Amino acid sequence: MIQSRDPFRFASVIGPERTDALLSLAEEARLLLAGKCVFNINSTAAGGGVAEMLHVLLGYLRHMGIDARWLVIEADAPFFAVTKRLHNHLYGDPGDGGPLGPAEHDVYERTMAANGHDVAASARAGDVVVLHDPQTAGLAQRLKSLGCYVVWRSHVGLDEQNEHSAVGWEFLRQYLEPFVDHYVFTDARFSPSWVPEDRCSIIWPSIDPFSPKNQELSDVTVEAILTHVGIVSGRVGDTTYERIDGSPGRVESYCDVIRTGPPPTPEIPLVVQISRWDRMKDMVGVMSAFASYVDSGREAQLVLAGPVVTAVADDPEGGAVLQECWRRWRELPHAVRRRVQLVCVPMHDLDENAVIVNALQRHAAVVSQKSLAEGFGLTIAEAMFKGVPVVASAVGGIVDQVIDSTTGFLIDDPSDLSAFGTAVCRLLDDPDLAHRFGEAGRGEALATHLGDTHLERWLGVIREVLDAGH
Ligand code: UDP
């Protein structure tokens, strides 16, 4: 269920000029899409960046009077095992090492055929359908045959293609090339060579300043939430926040926390990485870097947080990756182990999950995103928006997001634990520097990461697709 969201709330954040532009945009969108439906199709309703964004953007479109709908494919474990392997390949990694051959095509196509029937029950000729990521690519043919305009939006990205990514793209090509009207990537480097440049757009994701994930929270509320869920031992207090539908919510669940000893007091600086439990996010690497290079004299602690592992439907490796983190955590010397906690944030109430993440990001002294590959780090945009300095790997879209030595530190080699640890220490040791980076990050996020810019780019794509009338 998509909640309609009034985009003119943005006025308080973006100022009158951008608000006027947004007004004209809404008018144009209504005219352009009169009588049409805009479908977005992805593979999970919760967890990860795509679901996060769809909730918000589609809410704004609906408020603008556009019939924007969201469908989530239904699939079983064998399908997600194949698509996870595919996802890992596209990120240049062999994943579980299994093949992507005829048997995998078969599994993939069977699920796509079944979902094609469901989609065909809703989509009509002339509708615009945005398919997200490899999990939905196989629907393009069916949609095209229905007379829909088909856009494929890839959220994955690898700077330099390698043998594994080539295998991944070869798997997908036959499902996309003959049927897709337009492609959208996060960065021009991410598109394979067979994608025609004149039918390809580059769009950055955006964040919503008013969602539970990013809304303002007072220091007292942040402390109350983190104390309630068990991450920090501070003052117990009011955990009320505003739900996505505008009604009041209260944080009532607890996090699953793996830790030894009591929670840190609120004064202890926290280094925080929040990600799905995905190997590409290198949570284990963050832990190793922290253990080796951030010494106990600094008092800082590390929080590695992700969703409860059963919650993200399209991410079958989550449990195994959390296990790896837990194993590595158990191996740490006791003195280090007591400064590292692994946190699983409950997902049964997405607003509650989001506001817990929000509180953790606001409380962080440093947010890290030590990904080995990354299309675009929403967590980085979220941290920047909250004025928190970041330390991140110089990979994929992150390179364009973080201004090195201005809004954070970029680590050239994602496997360089020493460089990562040193950058974290510089920010922990120099609160003025951390503050300056945070402020600069907030300015950048306001200028480039908000929904008005994002909607404008999408409208541009839709205009192009309809004009071309493929
Ligand atoms: N996230 C969340 N709860 C969690 C872990 C992550 O809401 O327990 C969110 C996080 O705040 C961000 C998104 O999931 O909005 C992750 O997006 P990102 O682009 O960083 O990575 P992706 O998951 O898309 O690879």
# chains A, B, ... in the order shown; residues from 1 in each chain; ligands from 1
$ select_by_dssp --residues "segment 28-243 of chain A" --states "alpha helix (DSSP H)" --output "ChimeraX atom specification"
/A:28-32,49-63,77-90,102-120,134-137,140-145,163-176,219-229
$ closest_atom_pairs --of "chain A" --to "ligand 1" --cutoff "8 Å" --atoms "only C-alpha atoms and all ligand atoms" --output "tab-separated table"
residue	atom	partner	partner_atom_place_in_ligand_line	distance
A:Gly47	CA	ligand 1	14 (O)	5.5
A:Gly48	CA	ligand 1	23 (O)	3.5
A:Gly49	CA	ligand 1	17 (O)	3.5
A:Val50	CA	ligand 1	24 (O)	5.9
A:Glu52	CA	ligand 1	15 (O)	5.7
A:Met53	CA	ligand 1	15 (O)	7.8
A:His155	CA	ligand 1	24 (O)	7.4
A:Val156	CA	ligand 1	25 (O)	8.0
A:Lys213	CA	ligand 1	11 (O)	6.9
A:Ile274	CA	ligand 1	5 (C)	5.3
A:Ser275	CA	ligand 1	6 (C)	4.6
A:Arg276	CA	ligand 1	5 (C)	5.1
A:Asp278	CA	ligand 1	25 (O)	8.0
A:Lys281	CA	ligand 1	25 (O)	7.9
A:Ala305	CA	ligand 1	8 (O)	6.2
A:Gly306	CA	ligand 1	8 (O)	3.8
A:Pro307	CA	ligand 1	8 (O)	3.4
A:Val308	CA	ligand 1	8 (O)	7.0
A:Cys344	CA	ligand 1	8 (O)	6.6
A:Val345	CA	ligand 1	8 (O)	5.0
A:Pro346	CA	ligand 1	8 (O)	7.3
A:Met347	CA	ligand 1	8 (O)	7.3
A:Leu350	CA	ligand 1	7 (O)	7.6
A:Asn353	CA	ligand 1	3 (N)	5.9
A:Ala354	CA	ligand 1	7 (O)	5.1
A:Val357	CA	ligand 1	3 (N)	6.1
A:Asn358	CA	ligand 1	11 (O)	7.6
A:Gln369	CA	ligand 1	20 (O)	7.9
A:Glu374	CA	ligand 1	25 (O)	6.9
A:Gly375	CA	ligand 1	19 (O)	7.3
A:Phe376	CA	ligand 1	19 (O)	5.4
A:Gly377	CA	ligand 1	19 (O)	3.9
A:Leu378	CA	ligand 1	19 (O)	3.7
A:Thr379	CA	ligand 1	20 (O)	4.2
A:Ile380	CA	ligand 1	20 (O)	6.8
A:Glu382	CA	ligand 1	11 (O)	7.1
$ closest_atom_pairs --of "segment 270-369 of chain A" --to "segment 250-261 of chain A" --cutoff "6 Å" --atoms "only C-alpha atoms" --output "Markdown table"
| residue | atom | partner | partner_atom | distance |
| --- | --- | --- | --- | --- |
| A:Arg338 | CA | A:Thr260 | CA | 5.3 |
| A:Gln341 | CA | A:Arg259 | CA | 4.8 |
| A:Leu342 | CA | A:Ile258 | CA | 5.0 |
| A:Val343 | CA | A:Val257 | CA | 4.6 |
| A:Cys344 | CA | A:Asp256 | CA | 5.0 |
| A:Val345 | CA | A:Cys255 | CA | 5.0 |
| A:Glu352 | CA | A:Val251 | CA | 5.9 |
$ residues_around --residues "segment 130-138 of chain A" --least-positions-apart "5" --cutoff "7 Å" --atoms "only C-alpha atoms" --output "list in words"
Phe39, Asn40, Ile41, Asn42, Ser43, Thr83, Glu109, Met112, Val150, Val151, Trp152, Arg153, Ser154, His155, Tyr175 and Leu176 of chain A
$ closest_residue --among "A:Met283, A:Val195, A:Val355, A:Ile207" --to "Arg243 of chain A" --atoms "only C-alpha atoms"
A:Val355
$ residues_around --residues "segment 406-415 of chain A" --least-positions-apart "3" --cutoff "9 Å" --atoms "only C-alpha atoms" --output "MDAnalysis selection string"
chainID A and resid 285 370:373 384 388:395 398:399 402:403 418:420 423:424 427 434 436:442 444
$ atom_distance --atom1 "atom CA of Val82 of chain A" --atom2 "atom CA of Glu104 of chain A"
6.3 Å
$ closest_residue --among "A:Gly297, A:Pro212, A:Gly443, A:Gly421" --to "Gly246 of chain A" --atoms "only C-alpha atoms"
A:Pro212
$ residues_around --residues "Arg62 of chain A" --least-positions-apart "6" --cutoff "12 Å" --atoms "only C-alpha atoms" --output "MDAnalysis selection string"
chainID A and resid 1:7 26 29:30 33 37:39 54:56 68:70
$ write_last_selection --atoms "N, CA, C and O atoms" --output "mmCIF file, in the first residue's frame"
data_model
loop_
_atom_site.group_PDB
_atom_site.id
_atom_site.type_symbol
_atom_site.label_atom_id
_atom_site.label_comp_id
_atom_site.auth_asym_id
_atom_site.auth_seq_id
_atom_site.Cartn_x
_atom_site.Cartn_y
_atom_site.Cartn_z
ATOM 1 N N MET A 1 0.857 -1.198 0.000
ATOM 2 C CA MET A 1 0.000 0.000 0.000
ATOM 3 C C MET A 1 0.889 1.243 0.000
ATOM 4 O O MET A 1 1.710 1.433 0.894
ATOM 5 N N ILE A 2 0.715 2.090 -1.027
ATOM 6 C CA ILE A 2 1.551 3.292 -1.105
ATOM 7 C C ILE A 2 0.795 4.464 -0.485
ATOM 8 O O ILE A 2 -0.326 4.759 -0.881
ATOM 9 N N GLN A 3 1.441 5.123 0.456
ATOM 10 C CA GLN A 3 0.837 6.304 1.067
ATOM 11 C C GLN A 3 1.083 7.510 0.180
ATOM 12 O O GLN A 3 2.229 7.767 -0.201
ATOM 13 N N SER A 4 0.018 8.240 -0.123
ATOM 14 C CA SER A 4 0.188 9.471 -0.893
ATOM 15 C C SER A 4 0.980 10.475 -0.047
ATOM 16 O O SER A 4 0.789 10.580 1.155
ATOM 17 N N ARG A 5 1.924 11.179 -0.700
ATOM 18 C CA ARG A 5 2.786 12.106 0.061
ATOM 19 C C ARG A 5 2.834 13.445 -0.656
ATOM 20 O O ARG A 5 3.061 13.501 -1.857
ATOM 21 N N ASP A 6 2.628 14.508 0.087
ATOM 22 C CA ASP A 6 2.575 15.837 -0.509
ATOM 23 C C ASP A 6 3.981 16.369 -0.794
ATOM 24 O O ASP A 6 4.726 16.688 0.128
ATOM 25 N N PRO A 7 4.365 16.471 -2.086
ATOM 26 C CA PRO A 7 5.734 16.899 -2.387
ATOM 27 C C PRO A 7 5.994 18.351 -1.992
ATOM 28 O O PRO A 7 7.135 18.774 -1.899
ATOM 29 N N ALA A 26 4.958 18.916 -11.706
ATOM 30 C CA ALA A 26 3.773 18.120 -11.385
ATOM 31 C C ALA A 26 2.723 18.309 -12.474
ATOM 32 O O ALA A 26 2.078 17.351 -12.923
ATOM 33 N N ALA A 29 3.764 16.475 -15.580
ATOM 34 C CA ALA A 29 3.647 15.024 -15.407
ATOM 35 C C ALA A 29 2.204 14.579 -15.555
ATOM 36 O O ALA A 29 1.904 13.560 -16.179
ATOM 37 N N ARG A 30 1.300 15.376 -14.989
ATOM 38 C CA ARG A 30 -0.135 15.019 -15.086
ATOM 39 C C ARG A 30 -0.598 14.985 -16.539
ATOM 40 O O ARG A 30 -1.312 14.084 -16.958
ATOM 41 N N LEU A 33 1.031 12.023 -18.512
ATOM 42 C CA LEU A 33 0.640 10.665 -18.119
ATOM 43 C C LEU A 33 -0.871 10.491 -17.977
ATOM 44 O O LEU A 33 -1.322 9.488 -17.419
ATOM 45 N N CYS A 37 -0.868 4.507 -16.661
ATOM 46 C CA CYS A 37 -0.442 4.060 -15.342
ATOM 47 C C CYS A 37 1.088 3.913 -15.376
ATOM 48 O O CYS A 37 1.643 3.515 -16.401
ATOM 49 N N VAL A 38 1.742 4.272 -14.291
ATOM 50 C CA VAL A 38 3.186 4.017 -14.209
ATOM 51 C C VAL A 38 3.393 2.886 -13.208
ATOM 52 O O VAL A 38 3.105 3.046 -12.015
ATOM 53 N N PHE A 39 3.851 1.750 -13.715
ATOM 54 C CA PHE A 39 4.119 0.612 -12.823
ATOM 55 C C PHE A 39 5.599 0.564 -12.475
ATOM 56 O O PHE A 39 6.452 0.805 -13.337
ATOM 57 N N LEU A 54 11.128 3.372 -3.491
ATOM 58 C CA LEU A 54 9.825 3.254 -4.153
ATOM 59 C C LEU A 54 8.698 3.723 -3.234
ATOM 60 O O LEU A 54 7.783 4.419 -3.662
ATOM 61 N N HIS A 55 8.795 3.359 -1.955
ATOM 62 C CA HIS A 55 7.776 3.806 -1.002
ATOM 63 C C HIS A 55 7.583 5.311 -1.100
ATOM 64 O O HIS A 55 6.472 5.817 -1.105
ATOM 65 N N VAL A 56 8.701 6.003 -1.173
ATOM 66 C CA VAL A 56 8.667 7.455 -1.086
ATOM 67 C C VAL A 56 8.267 8.089 -2.426
ATOM 68 O O VAL A 56 7.307 8.856 -2.511
ATOM 69 N N ALA A 68 0.431 5.924 -10.091
ATOM 70 C CA ALA A 68 1.693 5.189 -9.927
ATOM 71 C C ALA A 68 1.428 3.960 -9.068
ATOM 72 O O ALA A 68 0.851 4.076 -7.985
ATOM 73 N N ARG A 69 1.838 2.810 -9.553
ATOM 74 C CA ARG A 69 1.576 1.565 -8.802
ATOM 75 C C ARG A 69 2.867 0.774 -8.645
ATOM 76 O O ARG A 69 3.798 0.932 -9.421
ATOM 77 N N TRP A 70 2.837 -0.106 -7.685
ATOM 78 C CA TRP A 70 4.033 -0.886 -7.361
ATOM 79 C C TRP A 70 3.640 -2.362 -7.289
ATOM 80 O O TRP A 70 2.725 -2.729 -6.553
#
